[in-house]
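Enquirer: Structure provided below as structure tokens; questions to follow.
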Amino acid sequence: MMKTILVVEDEKNIRELIKFNLEGAGFNVLTASDGKEALEKISNDIDLIVLDLMLPKIDGMEVCRKIRANEKLKQIAIIMLTAKGEELERILGLEMGADDYMTKPFSPRELIARIKAIFRRTAELKDDKNKIEDEIIVFGDFKIDVSRHEVKFKDKKISLTLKEFELLRYLILNKGRVLSRDLLLEKIWGYEYAGDTRTVDVHIRRLRKKSSSEYIETVRGVGYKFVKMERDGD
């Protein structure tokens with residue numbers, strides 16, 4: 001089934017360039033020129049949003065926040081576009097729930113590769129659910145119901161984005177192992193990341209805020225390790 005992508009970009013030339021290239025890659029593409037129009041067009045029929053940070057009427061950060069706060073829409077993947085030098089904004093975008101970001105100017109080919117990687121990982125996760133439909137992962141205070149895409153921490157349900165869910169599941173399944181940032185990018189985002197590994201760090205920070213930082217141990221200069229706390233009995 002053809003995937004539908006919403007491109008939200010106020011600069012017409014960039015918006016049309018992205019639309020042209022995505023349609024050439026086989027995607028169905030909708031467009032919006034400001035945040036207000038974007039929110040009016042977002043529905044469950046949208047599979048992914050390419051979202052510019054600086055938008056008229058409602059900025060990209062607020063659009064992202066509203067999507068992630070909506071139970072029916074929060075699983076839509078978001079790639080945020082930022083201008084060169086907007087490092088703080090990129091971090092805030094990831095903190096708000098963006099799955100990935102790209103810095104302008106960027107190659108349309110790279111954008112397509114990122115999008116395909118996200119869809120590929122989503123399909124793989126669905127395949128995993130079909131193969132292990134009733135899989136329940138219990139570790140310490142965590143309980144993950146794979147088929148329901150549900151996570152509980154200390155018997156309280158916590159809301160995770162798709163990438164946060166995948167990252168937590170992978171960390172738990174590889175508990176005790178030191179996992180490098182590059183490996184996590186490859187396994188969760190599905191591509192060799194050209195640039196820094198801030199994406200992983202921000203997603204880890206969000207997981208820590210939503211549950212307990214005690215379980216995710218930082219291995220300085222390498223990556224992260226998921227560990228079981230002594231108070232859990234072993």
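Labeling convention for the structure tokens: chains A, B, ... as they appear, residues from 1 per chain, ligands from 1 in order of appearance.
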If you run DSSP on the backbone, which residues of region 5-234 of chain A are alpha helix (DSSP H), as number ranges by chain?
Expert: A: 12-24, 35-41, 60-69, 87-96, 108-131, 162-173, 181-184, 198-210
Enquirer: DSSP on the backbone: what in region 7-81 of chain A comes out strand (DSSP E), as a list in words?
Expert: Val7, Val8, Asn28, Val29, Leu30, Thr31, Ala32, Leu48, Ile49, Val50, Leu51, Asp52, Ala77, Ile78, Ile79, Met80 and Leu81 of chain A
Enquirer: Emit the selected residues as a PDB file, in the first residue's frame, including N, CA, C and O atoms.
Expert:
ATOM      1  N   VAL A   7       4.099  16.973   3.865  1.00  0.00           N
ATOM      2  CA  VAL A   7       5.259  17.866   3.880  1.00  0.00           C
ATOM      3  C   VAL A   7       4.794  19.242   4.346  1.00  0.00           C
ATOM      4  O   VAL A   7       3.956  19.876   3.702  1.00  0.00           O
ATOM      5  N   VAL A   8       5.350  19.689   5.468  1.00  0.00           N
ATOM      6  CA  VAL A   8       4.968  20.986   6.036  1.00  0.00           C
ATOM      7  C   VAL A   8       6.165  21.919   5.930  1.00  0.00           C
ATOM      8  O   VAL A   8       7.142  21.788   6.669  1.00  0.00           O
ATOM      9  N   ASN A  28       2.693   8.904  -1.813  1.00  0.00           N
ATOM     10  CA  ASN A  28       1.592   9.847  -1.962  1.00  0.00           C
ATOM     11  C   ASN A  28       1.919  11.050  -1.077  1.00  0.00           C
ATOM     12  O   ASN A  28       2.219  10.874   0.111  1.00  0.00           O
ATOM     13  N   VAL A  29       1.882  12.260  -1.625  1.00  0.00           N
ATOM     14  CA  VAL A  29       2.356  13.424  -0.882  1.00  0.00           C
ATOM     15  C   VAL A  29       1.274  14.501  -0.758  1.00  0.00           C
ATOM     16  O   VAL A  29       0.665  14.902  -1.752  1.00  0.00           O
ATOM     17  N   LEU A  30       1.050  14.944   0.483  1.00  0.00           N
ATOM     18  CA  LEU A  30       0.215  16.102   0.769  1.00  0.00           C
ATOM     19  C   LEU A  30       1.133  17.217   1.244  1.00  0.00           C
ATOM     20  O   LEU A  30       2.236  16.954   1.746  1.00  0.00           O
ATOM     21  N   THR A  31       0.706  18.458   1.112  1.00  0.00           N
ATOM     22  CA  THR A  31       1.548  19.575   1.555  1.00  0.00           C
ATOM     23  C   THR A  31       0.757  20.568   2.387  1.00  0.00           C
ATOM     24  O   THR A  31      -0.469  20.659   2.302  1.00  0.00           O
ATOM     25  N   ALA A  32       1.496  21.310   3.211  1.00  0.00           N
ATOM     26  CA  ALA A  32       0.926  22.404   4.001  1.00  0.00           C
ATOM     27  C   ALA A  32       1.989  23.483   4.101  1.00  0.00           C
ATOM     28  O   ALA A  32       3.185  23.179   4.204  1.00  0.00           O
ATOM     29  N   LEU A  48       3.691   9.587   7.713  1.00  0.00           N
ATOM     30  CA  LEU A  48       4.907  10.285   8.147  1.00  0.00           C
ATOM     31  C   LEU A  48       4.763  11.768   7.819  1.00  0.00           C
ATOM     32  O   LEU A  48       4.128  12.133   6.828  1.00  0.00           O
ATOM     33  N   ILE A  49       5.380  12.606   8.647  1.00  0.00           N
ATOM     34  CA  ILE A  49       5.337  14.055   8.435  1.00  0.00           C
ATOM     35  C   ILE A  49       6.755  14.594   8.335  1.00  0.00           C
ATOM     36  O   ILE A  49       7.596  14.324   9.202  1.00  0.00           O
ATOM     37  N   VAL A  50       7.024  15.313   7.253  1.00  0.00           N
ATOM     38  CA  VAL A  50       8.271  16.068   7.127  1.00  0.00           C
ATOM     39  C   VAL A  50       7.922  17.479   7.588  1.00  0.00           C
ATOM     40  O   VAL A  50       7.163  18.194   6.927  1.00  0.00           O
ATOM     41  N   LEU A  51       8.448  17.891   8.729  1.00  0.00           N
ATOM     42  CA  LEU A  51       7.971  19.091   9.417  1.00  0.00           C
ATOM     43  C   LEU A  51       9.068  20.128   9.593  1.00  0.00           C
ATOM     44  O   LEU A  51      10.049  19.899  10.310  1.00  0.00           O
ATOM     45  N   ASP A  52       8.891  21.271   8.948  1.00  0.00           N
ATOM     46  CA  ASP A  52       9.844  22.365   9.123  1.00  0.00           C
ATOM     47  C   ASP A  52       9.673  22.969  10.513  1.00  0.00           C
ATOM     48  O   ASP A  52       8.546  23.058  11.021  1.00  0.00           O
ATOM     49  N   ALA A  77       5.144   9.028  12.390  1.00  0.00           N
ATOM     50  CA  ALA A  77       6.569   9.368  12.407  1.00  0.00           C
ATOM     51  C   ALA A  77       6.769  10.815  11.971  1.00  0.00           C
ATOM     52  O   ALA A  77       6.056  11.322  11.106  1.00  0.00           O
ATOM     53  N   ILE A  78       7.752  11.475  12.590  1.00  0.00           N
ATOM     54  CA  ILE A  78       8.037  12.880  12.275  1.00  0.00           C
ATOM     55  C   ILE A  78       9.525  13.069  12.017  1.00  0.00           C
ATOM     56  O   ILE A  78      10.364  12.692  12.838  1.00  0.00           O
ATOM     57  N   ILE A  79       9.850  13.646  10.853  1.00  0.00           N
ATOM     58  CA  ILE A  79      11.214  14.087  10.571  1.00  0.00           C
ATOM     59  C   ILE A  79      11.187  15.609  10.562  1.00  0.00           C
ATOM     60  O   ILE A  79      10.471  16.222   9.779  1.00  0.00           O
ATOM     61  N   MET A  80      11.956  16.215  11.451  1.00  0.00           N
ATOM     62  CA  MET A  80      11.940  17.664  11.576  1.00  0.00           C
ATOM     63  C   MET A  80      13.062  18.286  10.755  1.00  0.00           C
ATOM     64  O   MET A  80      14.195  17.783  10.753  1.00  0.00           O
ATOM     65  N   LEU A  81      12.754  19.375  10.045  1.00  0.00           N
ATOM     66  CA  LEU A  81      13.743  20.105   9.261  1.00  0.00           C
ATOM     67  C   LEU A  81      14.157  21.360  10.021  1.00  0.00           C
ATOM     68  O   LEU A  81      13.310  22.122  10.481  1.00  0.00           O
TER      69      LEU A  81
END
Enquirer: Would you please work out which residue, of A:Glu214, A:Asp34, A:Asp100, A:Asp47, is nearest to Leu73 (chain A) when using only C-alpha atoms?
Expert: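 Closest residue, counting only C-alpha atoms: A:Asp47.
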Enquirer: As a VMD selection string, please: the residues near region 165-169 of chain A (cut-off 8 Å, only C-alpha atoms, same-chain neighbours under 5 positions excluded).
Expert: chain A and resid 125 144 149 151 160 184 188 207
Enquirer: Show me, as an NGL selection string, the residues that have an atom within 12 Å of Arg65 (chain A) when counting only C-alpha atoms, minus same-chain residues fewer than 3 positions from it.
Expert: :A and (35 or 39 or 51 or 53 or 58-62 or 68-71 or 73-74 or 78 or 92-98 or 161)
Enquirer: Which neighbours of Ala83 (chain A) fall inside 12 Å, counting only C-alpha atoms, when residues of the same chain fewer than 2 positions from it are skipped, and could you give them as a VMD selection string?
Expert: chain A and resid 52 to 55 80 to 81 85 to 90 101 to 106
Enquirer: Please write the residues from the selection above to a file, keeping C-alpha atoms, as a compact mmCIF listing (two decimals), in the first residue's frame.
Expert:
# COMPACT_ATOMS: atom_id res chain seq x y z
CA ASP A 52 9.84 22.37 9.12
CA LEU A 53 10.71 23.96 12.46
CA MET A 54 10.15 27.59 11.51
CA LEU A 55 6.56 27.95 10.32
CA MET A 80 11.94 17.66 11.58
CA LEU A 81 13.74 20.10 9.26
CA GLY A 85 23.18 26.28 13.31
CA GLU A 86 19.87 25.71 15.12
CA GLU A 87 21.37 23.06 17.40
CA LEU A 88 19.27 23.96 20.44
CA GLU A 89 16.10 23.86 18.34
CA ARG A 90 17.03 20.43 16.97
CA TYR A 101 15.87 15.60 12.07
CA MET A 102 17.67 16.90 9.00
CA THR A 103 19.58 20.15 8.64
CA LYS A 104 19.02 22.45 5.67
CA PRO A 105 20.36 22.38 3.03
CA PHE A 106 19.94 18.64 2.60
Enquirer: Closest to Lys210 (chain A) among A:Ile14, A:Ile158, A:Leu185, A:Val178, using only C-alpha atoms?
Expert: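 Result for the nearest residue to Lys210 (chain A): A:Ile158.
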Enquirer: Might you pull out every residue within 10 Å of region 20-26 of chain A, with only C-alpha atoms counted and same-chain residues fewer than 4 positions away left off, and present them as a PyMOL selection string?
Expert: chain A and resi 2-5+7+14-16+30+108-109+111-112+115-116
Enquirer: May I have the selected residues written with N, CA and C atoms, as a tab-separated table (two decimals), in the first residue's frame?
Expert:
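What ended up in out.tsv:
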chain	number	residue	atom	x	y	z
A	2	MET	N	0.53	2.24	-0.85
A	2	MET	CA	1.32	3.45	-0.96
A	2	MET	C	1.27	4.25	0.35
A	3	LYS	N	2.44	4.67	0.81
A	3	LYS	CA	2.53	5.46	2.03
A	3	LYS	C	2.21	6.92	1.75
A	4	THR	N	1.54	7.57	2.68
A	4	THR	CA	1.19	8.98	2.54
A	4	THR	C	2.05	9.84	3.45
A	5	ILE	N	2.66	10.85	2.88
A	5	ILE	CA	3.55	11.74	3.62
A	5	ILE	C	3.02	13.17	3.53
A	7	VAL	N	4.10	16.97	3.86
A	7	VAL	CA	5.26	17.87	3.88
A	7	VAL	C	4.79	19.24	4.35
A	14	ILE	N	11.18	24.89	-1.71
A	14	ILE	CA	11.62	23.70	-0.97
A	14	ILE	C	10.48	22.70	-0.88
A	15	ARG	N	9.28	23.20	-0.58
A	15	ARG	CA	8.10	22.33	-0.46
A	15	ARG	C	7.86	21.56	-1.76
A	16	GLU	N	7.92	22.27	-2.89
A	16	GLU	CA	7.68	21.62	-4.18
A	16	GLU	C	8.80	20.66	-4.56
A	30	LEU	N	1.05	14.94	0.48
A	30	LEU	CA	0.22	16.10	0.77
A	30	LEU	C	1.13	17.22	1.24
A	108	PRO	N	17.73	15.63	-1.20
A	108	PRO	CA	16.46	14.91	-1.28
A	108	PRO	C	16.67	13.39	-1.23
A	109	ARG	N	17.78	12.94	-1.79
A	109	ARG	CA	18.08	11.50	-1.77
A	109	ARG	C	18.27	11.00	-0.33
A	111	LEU	N	16.98	12.41	2.36
A	111	LEU	CA	15.67	12.47	3.01
A	111	LEU	C	14.87	11.22	2.67
A	112	ILE	N	14.88	10.82	1.41
A	112	ILE	CA	14.15	9.62	0.99
A	112	ILE	C	14.72	8.39	1.69
A	115	ILE	N	13.43	8.35	5.22
A	115	ILE	CA	12.02	7.98	5.25
A	115	ILE	C	11.85	6.48	5.04
A	116	LYS	N	12.55	5.94	4.06
A	116	LYS	CA	12.45	4.50	3.78
A	116	LYS	C	12.94	3.68	4.97
Enquirer: Can you measure CA of Lys225 (chain A) to CA of Arg205 (chain A) for me? One decimal in Å is fine.
Expert: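 Between CA of Lys225 (chain A) and CA of Arg205 (chain A) the gap is 13.4 Å.
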Enquirer: Contacts of Asp141 (chain A) at 10 Å or less, counting only C-alpha atoms, minus same-chain residues fewer than 5 places along, as a list in words?
Expert: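 Using only C-alpha atoms, the neighbours found are Lys152, Phe153, Lys154, Asp155, Lys156, Ser211, Ser212, Tyr215, Lys228, Met229 and Asp232 of chain A.
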Enquirer: What does the distance from CA of Glu9 (chain A) to CA of Ser33 (chain A) come to in Å, to one decimal?
Expert: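 So the answer is 5.2 Å.
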Enquirer: Pick the closest to Glu135 (chain A) from A:Lys41, A:Asp182, A:Ala113, A:Leu173: which is it, counting only C-alpha atoms?
Expert: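 Once distances to Glu135 (chain A) are computed over only C-alpha atoms, the minimum belongs to A:Leu173.
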Enquirer: CA of Tyr224 (chain A) to CA of Arg121 (chain A): how many Å, to one decimal?
Expert: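 Between CA of Tyr224 (chain A) and CA of Arg121 (chain A) the gap is 20.8 Å.
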